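**Q** model.txt is reproduced in full below (compact mmCIF, C-alpha atoms).
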# COMPACT_ATOMS: atom_id res chain seq x y z
CA MET C 900 59.78 116.52 87.50
CA ALA C 901 60.96 119.36 85.31
CA SER C 902 64.54 118.17 85.50
CA VAL C 903 63.66 114.82 83.89
CA LEU C 904 62.20 116.32 80.74
CA GLY C 905 64.46 119.35 80.52
CA THR C 906 63.52 122.76 79.23
CA SER C 907 64.64 122.04 75.66
CA SER C 908 62.43 118.99 75.01
CA THR C 909 58.75 119.05 74.09
CA ALA C 910 56.40 116.44 75.48
CA ILE C 911 52.78 116.05 74.48
CA LEU C 912 50.83 114.07 77.03
CA ALA C 913 47.19 113.32 76.37
CA SER C 914 44.69 110.62 77.29
CA PRO C 915 43.62 108.08 74.63
CA ARG C 916 40.23 109.77 74.48
CA SER C 917 41.73 113.15 73.62
CA LEU C 918 43.92 111.63 70.89
CA SER C 919 41.02 109.92 69.13
CA SER C 920 39.00 113.10 68.71
CA PRO C 921 40.73 116.06 67.03
CA SER C 922 38.20 118.53 68.38
CA SER C 923 38.58 117.49 72.00
CA ARG C 924 41.05 119.49 74.08
CA PRO C 925 42.65 118.34 77.37
CA THR C 926 41.36 121.35 79.32
CA ILE C 927 39.83 121.35 82.76
CA SER C 928 36.38 122.35 81.47
CA SER C 929 36.20 119.37 79.08
CA LEU C 930 36.74 116.77 81.83
CA SER C 931 33.69 115.21 83.45
CA LEU C 932 34.09 114.99 87.22
CA ILE C 933 32.76 111.94 89.03
CA PRO C 934 31.28 112.61 92.48
CA GLY C 935 33.37 111.28 95.34
CA GLN C 936 36.59 111.27 93.32
CA SER C 937 39.27 113.89 93.91
CA TYR C 938 41.43 115.21 91.08
CA GLY C 939 44.95 116.56 91.20
CA LYS C 940 47.49 118.23 88.94
CA ARG C 941 50.77 116.79 87.84
CA PHE C 942 53.53 118.83 86.26
CA TYR C 943 55.74 117.37 83.56
CA GLY C 944 58.37 119.79 82.28
CA GLY C 945 56.05 122.80 82.49
CA ILE C 946 52.99 120.93 81.12
CA VAL C 947 50.02 120.53 83.47
CA THR C 948 47.88 117.40 83.13
CA GLU C 949 44.72 116.57 85.02
CA ASN C 950 44.46 113.05 86.40
CA LYS C 951 42.46 111.14 88.95
CA LYS C 952 44.14 110.83 92.34
CA GLY C 953 45.54 107.39 93.01
CA ARG C 954 45.61 106.37 89.34
CA SER C 955 48.60 106.51 87.04
CA GLN C 956 47.14 107.88 83.83
CA PHE C 957 50.35 108.30 81.81
CA ALA C 958 53.47 106.17 81.41
CA VAL C 959 56.50 108.43 81.76
CA THR C 960 59.58 106.97 80.09
CA ASN C 961 63.18 108.11 80.10
CA VAL C 962 62.59 111.17 77.93
CA ALA C 963 66.21 112.30 78.20
CA THR C 964 67.39 109.12 76.50
CA GLU C 965 64.78 109.41 73.74
CA ILE C 966 65.38 113.07 72.99
CA ASN C 967 69.15 112.61 72.91
CA SER C 968 69.07 109.53 70.69
CA VAL C 969 71.64 109.63 67.91
CA GLU C 970 69.10 109.35 65.11
CA GLN C 971 67.04 112.33 66.32
CA VAL C 972 70.10 114.48 66.95
CA GLN C 973 71.39 113.77 63.43
CA LYS C 974 68.00 114.57 61.89
CA LEU C 975 67.62 117.82 63.83
CA SER C 976 71.18 118.93 63.09
CA LYS C 977 70.72 118.41 59.35
CA GLU C 978 67.47 120.34 59.28
CA SER C 979 68.65 123.32 61.34
CA GLN C 980 72.35 123.41 60.45
CA ARG C 981 73.79 126.82 59.67
CA PRO C 982 76.30 127.06 56.80
CA VAL C 983 79.82 126.57 58.18
CA TYR C 984 82.87 128.23 56.66
CA PRO C 985 85.04 125.51 55.01
CA PHE C 986 88.21 124.56 56.88
CA THR C 987 90.30 124.44 53.69
CA ALA C 988 89.18 127.99 52.75
CA ILE C 989 90.85 129.53 55.82
CA VAL C 990 93.89 131.55 54.77
CA GLY C 991 97.04 131.33 56.91
CA GLN C 992 96.98 130.36 60.62
CA GLU C 993 98.80 127.11 59.83
CA GLU C 994 99.87 126.50 63.43
CA MET C 995 96.30 126.62 64.72
CA LYS C 996 94.98 124.41 61.91
CA LEU C 997 97.72 121.80 62.45
CA CYS C 998 97.01 121.59 66.20
CA LEU C 999 93.30 121.04 65.52
CA LEU C 1000 93.94 118.34 62.91
CA LEU C 1001 96.37 116.46 65.17
CA ASN C 1002 93.76 116.38 67.94
CA VAL C 1003 91.16 114.94 65.56
CA ILE C 1004 93.64 112.24 64.49
CA ASP C 1005 94.57 111.38 68.09
CA PRO C 1006 92.02 112.63 70.68
CA LYS C 1007 94.33 111.45 73.49
CA ILE C 1008 96.59 114.44 72.83
CA GLY C 1009 94.20 116.31 75.10
CA GLY C 1010 92.83 119.26 73.16
CA VAL C 1011 94.22 122.64 72.17
CA MET C 1012 94.19 126.15 73.64
CA ILE C 1013 94.11 128.91 71.01
CA MET C 1014 95.16 132.36 72.18
CA GLY C 1015 95.46 135.39 69.94
CA ASP C 1016 94.22 138.78 68.86
CA ARG C 1017 90.53 139.44 68.38
CA GLY C 1018 89.21 138.99 64.84
CA THR C 1019 91.84 136.46 63.75
CA GLY C 1020 89.41 133.65 62.92
CA LYS C 1021 89.82 131.51 66.05
CA SER C 1022 86.14 130.63 66.49
CA THR C 1023 85.55 130.33 62.73
CA THR C 1024 88.41 127.84 62.38
CA VAL C 1025 87.28 125.68 65.30
CA ARG C 1026 83.66 125.55 64.12
CA SER C 1027 84.75 124.78 60.54
CA LEU C 1028 86.26 121.56 61.91
CA VAL C 1029 82.73 120.05 62.06
CA ASP C 1030 82.75 119.08 58.37
CA LEU C 1031 86.01 117.14 58.74
CA LEU C 1032 85.14 115.10 61.82
CA PRO C 1033 85.15 111.34 61.11
CA GLU C 1034 82.43 108.86 62.01
CA ILE C 1035 82.57 106.64 65.09
CA ARG C 1036 80.62 103.58 66.24
CA VAL C 1037 78.11 104.32 69.01
CA VAL C 1038 75.30 102.47 70.77
CA SER C 1039 71.94 103.50 69.30
CA GLY C 1040 69.71 105.60 71.54
CA ASP C 1041 72.41 106.15 74.17
CA PRO C 1042 72.73 109.78 75.35
CA TYR C 1043 76.42 109.31 76.22
CA ASN C 1044 77.61 108.16 72.75
CA SER C 1045 78.85 104.94 74.39
CA ASP C 1046 81.57 102.97 72.62
CA PRO C 1047 80.32 99.38 72.11
CA GLU C 1048 83.88 98.03 72.51
CA ASP C 1049 85.47 100.23 75.20
CA PRO C 1050 84.06 99.77 78.74
CA GLU C 1051 85.68 103.07 79.86
CA SER C 1052 83.48 104.99 77.38
CA MET C 1053 80.24 103.15 78.20
CA GLY C 1054 77.33 104.49 80.19
CA ILE C 1055 76.06 102.49 83.17
CA GLU C 1056 73.00 101.12 81.33
CA VAL C 1057 75.05 99.99 78.31
CA ARG C 1058 77.63 98.33 80.55
CA GLU C 1059 74.88 96.44 82.40
CA SER C 1060 73.49 95.27 79.04
CA VAL C 1061 76.93 93.97 78.04
CA VAL C 1062 77.30 92.10 81.36
CA LYS C 1063 73.90 90.47 80.80
CA GLY C 1064 75.02 89.38 77.33
CA GLU C 1065 72.39 91.44 75.50
CA GLU C 1066 73.03 92.38 71.89
CA LEU C 1067 73.69 96.09 71.38
CA SER C 1068 72.25 98.07 68.51
CA ILE C 1069 75.18 99.91 66.90
CA THR C 1070 75.16 102.84 64.50
CA MET C 1071 77.72 105.14 62.88
CA THR C 1072 77.65 108.85 63.68
CA LYS C 1073 79.95 111.84 63.29
CA ILE C 1074 82.03 113.01 66.23
CA ASN C 1075 79.98 115.56 68.13
CA MET C 1076 81.05 119.17 68.71
CA VAL C 1077 79.41 120.87 71.70
CA ASP C 1078 79.61 124.61 72.42
CA LEU C 1079 79.85 125.57 76.08
CA PRO C 1080 78.42 129.11 76.49
CA LEU C 1081 79.94 131.38 79.12
CA GLY C 1082 76.56 131.88 80.82
CA ALA C 1083 75.78 128.17 81.20
CA THR C 1084 74.65 126.97 84.62
CA GLU C 1085 76.35 124.11 86.43
CA ASP C 1086 73.19 121.97 86.21
CA ARG C 1087 73.07 122.42 82.42
CA VAL C 1088 76.73 121.46 82.09
CA CYS C 1089 76.77 118.48 84.46
CA GLY C 1090 73.15 117.34 84.17
CA THR C 1091 70.47 117.25 86.84
CA ILE C 1092 68.78 114.64 89.00
CA ASP C 1093 65.03 114.54 89.64
CA ILE C 1094 65.11 114.46 93.44
CA GLU C 1095 61.34 113.93 93.79
CA LYS C 1096 61.34 110.82 91.59
CA ALA C 1097 64.47 109.52 93.28
CA LEU C 1098 62.98 109.87 96.79
CA THR C 1099 59.44 108.68 96.04
CA GLU C 1100 60.10 105.86 93.57
CA GLY C 1101 63.75 105.08 94.29
CA VAL C 1102 64.68 105.68 90.63
CA LYS C 1103 67.71 107.72 89.61
CA ALA C 1104 66.00 109.82 86.96
CA PHE C 1105 68.78 111.81 85.31
CA GLU C 1106 68.76 114.40 82.55
CA PRO C 1107 72.20 114.41 80.87
CA GLY C 1108 73.97 117.73 80.39
CA LEU C 1109 76.53 119.10 77.95
CA LEU C 1110 79.35 116.92 79.31
CA ALA C 1111 77.33 113.79 78.48
CA LYS C 1112 76.69 115.07 74.97
CA ALA C 1113 80.40 115.83 74.51
CA ASN C 1114 81.55 112.32 75.49
CA ARG C 1115 83.84 110.95 72.72
CA GLY C 1116 83.48 114.31 70.99
CA ILE C 1117 84.73 117.90 71.18
CA LEU C 1118 83.85 120.45 73.87
CA TYR C 1119 84.52 123.98 72.63
CA VAL C 1120 84.71 126.95 75.01
CA ASP C 1121 84.98 130.35 73.34
CA GLU C 1122 86.56 133.07 75.51
CA VAL C 1123 87.59 130.34 77.94
CA ASN C 1124 89.60 132.83 80.04
CA LEU C 1125 86.29 134.53 80.96
CA LEU C 1126 84.63 131.30 82.14
CA ASP C 1127 83.25 131.33 85.70
CA ASP C 1128 85.41 129.62 88.32
CA HIS C 1129 82.77 127.05 89.30
CA LEU C 1130 82.49 125.87 85.68
CA VAL C 1131 86.28 125.74 85.40
CA ASP C 1132 86.29 123.43 88.45
CA VAL C 1133 83.75 121.15 86.74
CA LEU C 1134 85.85 120.99 83.57
CA LEU C 1135 89.01 120.28 85.57
CA ASP C 1136 87.34 117.40 87.39
CA SER C 1137 85.93 115.81 84.21
CA ALA C 1138 89.12 116.34 82.20
CA ALA C 1139 91.19 114.70 84.95
CA SER C 1140 89.06 111.61 85.52
CA GLY C 1141 87.19 111.18 82.22
CA TRP C 1142 83.97 110.81 84.23
CA ASN C 1143 81.34 113.28 85.37
CA THR C 1144 79.79 112.66 88.79
CA VAL C 1145 76.64 114.47 89.86
CA GLU C 1146 76.02 114.63 93.62
CA ARG C 1147 72.57 115.79 94.75
CA GLU C 1148 71.03 115.08 98.19
CA GLY C 1149 73.18 112.04 98.85
CA ILE C 1150 72.48 110.51 95.43
CA SER C 1151 75.39 109.92 93.05
CA ILE C 1152 75.23 109.35 89.30
CA SER C 1153 78.33 108.99 87.11
CA HIS C 1154 78.75 108.80 83.37
CA PRO C 1155 81.75 108.88 80.98
CA ALA C 1156 82.88 112.35 79.88
CA ARG C 1157 85.97 111.88 77.72
CA PHE C 1158 86.20 114.79 75.31
CA ILE C 1159 88.68 116.87 73.34
CA LEU C 1160 88.79 120.22 75.13
CA ILE C 1161 89.25 123.16 72.75
CA GLY C 1162 89.39 126.70 74.09
CA SER C 1163 90.01 130.08 72.53
CA GLY C 1164 90.55 133.52 73.98
CA ASN C 1165 92.28 136.87 73.86
CA PRO C 1166 95.18 137.18 76.37
CA GLU C 1167 94.43 140.90 76.78
CA GLU C 1168 91.08 140.01 78.40
CA GLY C 1169 92.60 137.99 81.21
CA GLU C 1170 94.87 135.05 81.96
CA LEU C 1171 93.72 131.46 82.21
CA ARG C 1172 94.02 129.57 85.49
CA PRO C 1173 97.23 127.49 85.39
CA GLN C 1174 95.38 124.34 86.50
CA LEU C 1175 93.10 124.51 83.45
CA LEU C 1176 95.86 125.63 81.10
CA ASP C 1177 97.85 122.49 81.96
CA ARG C 1178 94.86 120.34 80.92
CA PHE C 1179 95.17 121.48 77.31
CA GLY C 1180 97.47 119.18 75.39
CA MET C 1181 98.64 121.82 72.91
CA HIS C 1182 98.80 125.61 72.80
CA ALA C 1183 98.49 127.55 69.54
CA GLN C 1184 99.35 131.22 69.29
CA VAL C 1185 97.50 133.20 66.64
CA GLY C 1186 98.58 136.57 65.30
CA THR C 1187 97.03 139.09 62.95
CA VAL C 1188 97.99 138.62 59.29
CA ARG C 1189 100.32 141.49 58.30
CA ASP C 1190 100.73 140.77 54.58
CA ALA C 1191 98.46 143.13 52.59
CA GLU C 1192 97.81 140.64 49.78
CA LEU C 1193 96.72 137.94 52.25
CA ARG C 1194 94.44 140.37 54.06
CA VAL C 1195 92.74 141.30 50.78
CA LYS C 1196 92.29 137.62 49.93
CA ILE C 1197 90.69 136.92 53.33
CA VAL C 1198 88.28 139.85 52.89
CA GLU C 1199 87.30 138.72 49.38
CA GLU C 1200 86.78 135.10 50.44
CA ARG C 1201 84.60 136.17 53.36
CA ALA C 1202 82.53 138.40 51.07
CA ARG C 1203 82.00 135.46 48.69
CA PHE C 1204 80.85 133.26 51.56
CA ASP C 1205 78.41 135.88 52.91
CA ARG C 1206 76.98 136.45 49.43
CA ASN C 1207 76.28 132.80 48.64
CA PRO C 1208 77.33 130.27 51.32
CA LYS C 1209 76.18 127.19 49.39
CA GLU C 1210 78.06 128.11 46.22
CA PHE C 1211 81.18 128.98 48.24
CA ARG C 1212 81.08 125.67 50.12
CA ASP C 1213 80.61 123.75 46.85
CA SER C 1214 83.75 125.38 45.41
CA TYR C 1215 85.79 123.85 48.24
CA LYS C 1216 83.99 120.50 48.31
CA ALA C 1217 86.79 118.57 46.58
CA GLU C 1218 89.48 119.94 48.92
CA GLN C 1219 87.31 119.23 51.96
CA GLU C 1220 86.73 115.62 50.90
CA LYS C 1221 90.44 115.13 50.18
CA LEU C 1222 91.41 116.40 53.64
CA GLN C 1223 88.67 114.29 55.26
CA GLN C 1224 90.05 111.15 53.58
CA GLN C 1225 93.56 112.11 54.70
CA ILE C 1226 92.36 112.41 58.31
CA GLY C 1227 90.53 109.07 58.10
CA SER C 1228 93.59 107.24 56.75
CA ALA C 1229 95.83 108.91 59.37
CA ARG C 1230 93.51 107.74 62.19
CA SER C 1231 93.63 104.15 60.95
CA PHE C 1232 97.39 104.33 60.30
CA LEU C 1233 98.24 105.87 63.71
CA PRO C 1234 98.60 102.61 65.75
CA SER C 1235 101.38 101.40 63.43
CA VAL C 1236 103.51 104.57 63.75
CA LYS C 1237 106.69 104.05 65.79
CA ILE C 1238 109.05 106.44 67.53
CA ASP C 1239 112.67 105.50 68.27
CA HIS C 1240 113.83 105.19 71.86
CA GLU C 1241 116.62 107.69 71.20
CA LEU C 1242 114.08 110.34 70.11
CA LYS C 1243 111.99 109.68 73.22
CA VAL C 1244 115.03 110.24 75.43
CA LYS C 1245 115.81 113.54 73.68
CA ILE C 1246 112.20 114.73 74.07
CA SER C 1247 112.34 114.02 77.79
CA LYS C 1248 115.76 115.73 78.01
CA VAL C 1249 114.28 118.90 76.46
CA CYS C 1250 111.40 118.82 78.97
CA SER C 1251 113.79 118.25 81.87
CA GLU C 1252 116.17 121.07 80.95
CA LEU C 1253 113.24 123.47 80.49
CA ASN C 1254 112.06 122.60 84.04
CA VAL C 1255 108.64 121.48 82.81
CA ASP C 1256 106.52 120.30 85.75
CA GLY C 1257 105.11 116.79 85.51
CA LEU C 1258 105.22 114.36 82.60
CA ARG C 1259 102.30 115.62 80.53
CA GLY C 1260 104.71 117.52 78.26
CA ASP C 1261 106.64 114.33 77.44
CA ILE C 1262 103.49 112.29 76.78
CA VAL C 1263 101.75 114.92 74.62
CA THR C 1264 104.89 115.59 72.53
CA ASN C 1265 105.27 111.88 71.76
CA ARG C 1266 101.59 111.57 70.77
CA ALA C 1267 101.55 114.74 68.68
CA ALA C 1268 104.72 113.72 66.80
CA LYS C 1269 103.22 110.31 65.99
CA ALA C 1270 99.95 111.93 64.83
CA LEU C 1271 101.89 114.28 62.52
CA ALA C 1272 103.87 111.36 61.05
CA ALA C 1273 100.57 109.52 60.43
CA LEU C 1274 99.14 112.64 58.74
CA LYS C 1275 102.18 112.68 56.43
CA GLY C 1276 101.72 108.96 55.71
CA ARG C 1277 104.93 107.77 57.40
CA ASP C 1278 105.29 104.82 59.78
CA SER C 1279 108.09 106.34 61.88
CA VAL C 1280 108.61 109.68 63.58
CA ALA C 1281 111.40 111.94 62.33
CA ALA C 1282 113.17 114.74 64.20
CA GLU C 1283 111.46 117.32 61.98
CA ASP C 1284 108.06 116.09 63.22
CA ILE C 1285 109.14 116.70 66.81
CA ALA C 1286 110.52 120.16 65.89
CA THR C 1287 107.12 121.08 64.41
CA VAL C 1288 104.98 120.10 67.41
CA ILE C 1289 107.20 120.53 70.49
CA PRO C 1290 106.71 124.33 70.84
CA ASN C 1291 102.92 123.85 70.90
CA CYS C 1292 103.20 121.03 73.44
CA LEU C 1293 105.54 122.79 75.92
CA ARG C 1294 105.01 126.54 75.47
CA HIS C 1295 102.22 126.82 78.06
CA ARG C 1296 103.93 124.50 80.56
CA LEU C 1297 107.01 126.67 81.20
CA ARG C 1298 107.31 128.62 84.43
CA LYS C 1299 106.39 132.27 83.95
CA ASP C 1300 109.29 134.70 84.31
CA PRO C 1301 108.08 138.32 84.46
CA LEU C 1302 111.55 139.59 83.48
CA GLU C 1303 111.79 137.33 80.41
CA SER C 1304 111.14 139.21 77.15
CA ILE C 1305 111.60 136.29 74.73
CA ASP C 1306 108.58 134.24 73.67
CA SER C 1307 108.27 130.88 75.44
CA GLY C 1308 107.90 129.10 72.08
CA LEU C 1309 111.30 130.40 70.97
CA LEU C 1310 112.82 129.14 74.22
CA VAL C 1311 111.51 125.65 73.44
CA ILE C 1312 112.88 125.78 69.87
CA GLU C 1313 116.32 126.92 71.08
CA LYS C 1314 116.47 124.11 73.63
CA PHE C 1315 115.28 121.59 71.00
CA TYR C 1316 118.12 122.40 68.59
CA GLU C 1317 120.61 122.41 71.44
CA VAL C 1318 119.62 118.86 72.48
CA PHE C 1319 118.92 117.35 69.04
CA SER C 1320 122.06 118.73 67.41
Rewrite the structure of this file - the entire thing - as structure tokens.
**A**
Amino acid sequence: MASVLGTSSTAILASPRSLSSPSSRPTISSLSLIPGQSYGKRFYGGIVTENKKGRSQFAVTNVATEINSVEQVQKLSKESQRPVYPFTAIVGQEEMKLCLLLNVIDPKIGGVMIMGDRGTGKSTTVRSLVDLLPEIRVVSGDPYNSDPEDPESMGIEVRESVVKGEELSITMTKINMVDLPLGATEDRVCGTIDIEKALTEGVKAFEPGLLAKANRGILYVDEVNLLDDHLVDVLLDSAASGWNTVEREGISISHPARFILIGSGNPEEGELRPQLLDRFGMHAQVGTVRDAELRVKIVEERARFDRNPKEFRDSYKAEQEKLQQQIGSARSFLPSVKIDHELKVKISKVCSELNVDGLRGDIVTNRAAKALAALKGRDSVAAEDIATVIPNCLRHRLRKDPLESIDSGLLVIEKFYEVFS
């Protein structure tokens, strides 16, 4: 039963008698044994309880759903939140920041891969995005952050409630950002099934994993090029279908897992598998700042933050709120942004002449250009918007030529001006 409760949750199970008396303890010595009755032990998530054989002494509910309820997660995150470096305080790295903002405006772009030198602020920038994430409507108490209006983003239980015509309890919550550690196990990522409960009671008792928590949110993998192959396979499967399926002993449980995949890494530490690289909508290249004045400013700002994080964050509060409002208006304005047919043809011509495999490059470039136009407050896409985003959308999709010395991003830019001129 340990997989139902999970190792991170805490359950206190006690009989009514033990709750009424503060001095009484649910130990073996304090229980009075009745002759002729046999007693047995039951294990719930590492907690041993004594109960009479043949009697159900405790009602075990879906603890996973309760622990992962939106209200509790919000409360815990506020109490234990570490100070995050403000996004607007980050000096330079405009390409990386733009790619992240465009993915927040339109999650369908498909995430961003950030590759660059060590110590260039990749992880700091991604984690600083938390303060800018907008609020979304979710079903209260649902561990999958189900969308009350989109059936594709609903968990099985929520969808059954909608079919029955039951009224859903809806709340507003910020988009979730989930960190995927390199040492995570497959069960922790996908979720686990309680096989004993499934076989004895016929109930699919499921403890959701990190993919469930990341549904309709952001899944961040630091040093993604060092991720184990079996976890890369799991991410590929979920990113392709938008659903996570757990198969254990002939039992199958599926839940929505639509997330913005953000990865960062150092190319010197190893290349990323091409199958996973293609799943990232955009690719940002980060370099070390060479300007001495900028380097000094970065060092001073970091020293200010380390000395007094609260005061430093307050000094950037106005800029953070302004950018947050800009993102919110861009998200609402995005559906009305149009792109001319002529521009679409030219985008596809660039992709075709660069021998880009598949059509993901065309789709992502169109979406990213529209998101940038919405961020600028325009209702139509201009050629300059496409010029800004097309290197990030196609750079990682070009065929690798070991004899080619020029950067792939420059190849895309050259081809863009050749076609659009």
**Q** When distances are computed from only C-alpha atoms, which of C:Asn1044, C:Thr1099, C:Thr1287, C:Asn1254 shows the smallest separation from Gly1116 (chain C)?
**A** C:Asn1044
**Q** Given the choices C:Tyr1119, C:Phe1158, C:Tyr1043, C:Phe1105, which gets closest to Ser1022 (chain C) if the distance is worked out from all atoms listed in the file?
**A**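 Ranking C:Tyr1119, C:Phe1158, C:Tyr1043, C:Phe1105 by distance to Ser1022 (chain C), first place goes to C:Tyr1119.
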**Q** Report, in Å with one decimal, the straight-line distance from CA of Met1181 (chain C) to CA of Glu1034 (chain C).
**A**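 Straight-line distance from CA of Met1181 (chain C) to CA of Glu1034 (chain C) works out to 23.4 Å.
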**Q** Could you tell me which of C:Leu1171, C:Val1131, C:Val1188, C:Ala1267 comes closest to Gln992 (chain C) if we count only C-alpha atoms?
**A**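 Among C:Leu1171, C:Val1131, C:Val1188, C:Ala1267, it is C:Val1188 that comes nearest to Gln992 (chain C).
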**Q** Hey, can you check how far CA of Val1038 (chain C) sits from CA of Ser1068 (chain C)?
**A** 5.8 Å
**Q** I'd like a table as a tab-separated table: residues in region 973-1042 of chain C with an atom no more than 8 Å from region 1217-1223 of chain C, each row giving the shortest atom pair and its distance in Å to one decimal, only C-alpha atoms counted, sorted by chain and rising residue number.
**A**
residue	atom	partner	partner_atom	distance
C:Pro985	CA	C:Gln1219	CA	7.3
C:Phe986	CA	C:Gln1219	CA	7.3
C:Thr987	CA	C:Gln1219	CA	6.3
C:Asp1030	CA	C:Gln1219	CA	7.9
C:Leu1031	CA	C:Gln1223	CA	5.2
C:Leu1032	CA	C:Gln1223	CA	7.5
C:Pro1033	CA	C:Gln1223	CA	7.4
**Q** Just the residues within 10 Å of Gly1010 (chain C), please, counting all atoms listed in the file, with nothing from its chain fewer than 4 positions along; format it as a PDB file with C-alpha atoms, keeping the file's coordinate frame.
**A**
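To be explicit, this is the file written out as around_25.pdb:
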ATOM      1  CA  CYS C 998      97.010 121.590  66.200  1.00  0.00           C
ATOM      2  CA  LEU C 999      93.300 121.040  65.520  1.00  0.00           C
ATOM      3  CA  LEU C1001      96.370 116.460  65.170  1.00  0.00           C
ATOM      4  CA  ASN C1002      93.760 116.380  67.940  1.00  0.00           C
ATOM      5  CA  VAL C1003      91.160 114.940  65.560  1.00  0.00           C
ATOM      6  CA  ASP C1005      94.570 111.380  68.090  1.00  0.00           C
ATOM      7  CA  PRO C1006      92.020 112.630  70.680  1.00  0.00           C
ATOM      8  CA  ILE C1117      84.730 117.900  71.180  1.00  0.00           C
ATOM      9  CA  LEU C1118      83.850 120.450  73.870  1.00  0.00           C
ATOM     10  CA  TYR C1119      84.520 123.980  72.630  1.00  0.00           C
ATOM     11  CA  PHE C1158      86.200 114.790  75.310  1.00  0.00           C
ATOM     12  CA  ILE C1159      88.680 116.870  73.340  1.00  0.00           C
ATOM     13  CA  LEU C1160      88.790 120.220  75.130  1.00  0.00           C
ATOM     14  CA  ILE C1161      89.250 123.160  72.750  1.00  0.00           C
ATOM     15  CA  GLY C1162      89.390 126.700  74.090  1.00  0.00           C
ATOM     16  CA  ARG C1178      94.860 120.340  80.920  1.00  0.00           C
ATOM     17  CA  PHE C1179      95.170 121.480  77.310  1.00  0.00           C
ATOM     18  CA  GLY C1180      97.470 119.180  75.390  1.00  0.00           C
ATOM     19  CA  MET C1181      98.640 121.820  72.910  1.00  0.00           C
ATOM     20  CA  HIS C1182      98.800 125.610  72.800  1.00  0.00           C
TER      21      HIS C1182
END
**Q** Can you work out which one of C:His1154, C:Ile1008, C:Asn1291, C:Asp1261 has the shortest atom-to-atom distance to Met995 (chain C), counting all atoms listed in the file?
**A**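 Going through C:His1154, C:Ile1008, C:Asn1291, C:Asp1261 one by one, the smallest distance to Met995 (chain C) is for C:Asn1291.
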**Q** Go through C:Thr1019, C:Ser1052, C:Ser1231, C:Asn1143 one by one, measure the shortest atom-to-atom distance of each to Gln1184 (chain C) using all atoms listed in the file, and give the residue with the smallest value.
**A**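 Using all atoms listed in the file, Gln1184 (chain C) sits closest to C:Thr1019.
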**Q** I'd like the contact shell of Glu1048 (chain C) - 10 Å cut-off, all atoms listed in the file, skipping same-chain residues fewer than 3 positions apart - returned as a list of chain:residue names.
**A**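 Near Glu1048 (chain C), the qualifying residues are C:Arg1036, C:Val1037, C:Val1038, C:Ser1045, C:Glu1051, C:Ser1052, C:Met1053, C:Val1061.
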**Q** So which residues are close to (87.8, 113.3, 79.5), meaning at most 8 Å away in the file's coordinates with only C-alpha atoms counted, and can you show them as a list in words?
**A**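 Here is the list of nearby residues: Asn1114, Ser1137, Ala1138, Ala1139, Ser1140, Gly1141, Trp1142, Pro1155, Ala1156, Arg1157, Phe1158 and Ile1159 of chain C.
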**Q** As a PDB file with C-alpha atoms, in the frame of the given file, please: the residues near Ala1083 (chain C) (cut-off 12 Å, all atoms listed in the file, same-chain neighbours under 2 positions excluded).
**A**
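Output file out.pdb is given in full below:
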ATOM      1  CA  ASP C1078      79.610 124.610  72.420  1.00  0.00           C
ATOM      2  CA  LEU C1079      79.850 125.570  76.080  1.00  0.00           C
ATOM      3  CA  PRO C1080      78.420 129.110  76.490  1.00  0.00           C
ATOM      4  CA  LEU C1081      79.940 131.380  79.120  1.00  0.00           C
ATOM      5  CA  GLU C1085      76.350 124.110  86.430  1.00  0.00           C
ATOM      6  CA  ASP C1086      73.190 121.970  86.210  1.00  0.00           C
ATOM      7  CA  ARG C1087      73.070 122.420  82.420  1.00  0.00           C
ATOM      8  CA  VAL C1088      76.730 121.460  82.090  1.00  0.00           C
ATOM      9  CA  CYS C1089      76.770 118.480  84.460  1.00  0.00           C
ATOM     10  CA  GLY C1090      73.150 117.340  84.170  1.00  0.00           C
ATOM     11  CA  GLY C1108      73.970 117.730  80.390  1.00  0.00           C
ATOM     12  CA  LEU C1109      76.530 119.100  77.950  1.00  0.00           C
ATOM     13  CA  LEU C1110      79.350 116.920  79.310  1.00  0.00           C
ATOM     14  CA  VAL C1120      84.710 126.950  75.010  1.00  0.00           C
ATOM     15  CA  LEU C1126      84.630 131.300  82.140  1.00  0.00           C
ATOM     16  CA  ASP C1127      83.250 131.330  85.700  1.00  0.00           C
ATOM     17  CA  HIS C1129      82.770 127.050  89.300  1.00  0.00           C
ATOM     18  CA  LEU C1130      82.490 125.870  85.680  1.00  0.00           C
ATOM     19  CA  VAL C1131      86.280 125.740  85.400  1.00  0.00           C
ATOM     20  CA  VAL C1133      83.750 121.150  86.740  1.00  0.00           C
TER      21      VAL C1133
END
**Q** May I ask for the distance between CA of Lys1073 (chain C) and CA of Ile1226 (chain C), given in Å to one decimal place?
**A**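 Between CA of Lys1073 (chain C) and CA of Ile1226 (chain C) the gap works out to 13.4 Å.
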**Q** Which residues come within 9 Å of Phe1319 (chain C), counting all atoms listed in the file, excluding same-chain residues fewer than 3 positions away, as a PyMOL selection string?
**A** chain C and resi 1242+1245-1246+1249+1282+1314-1316
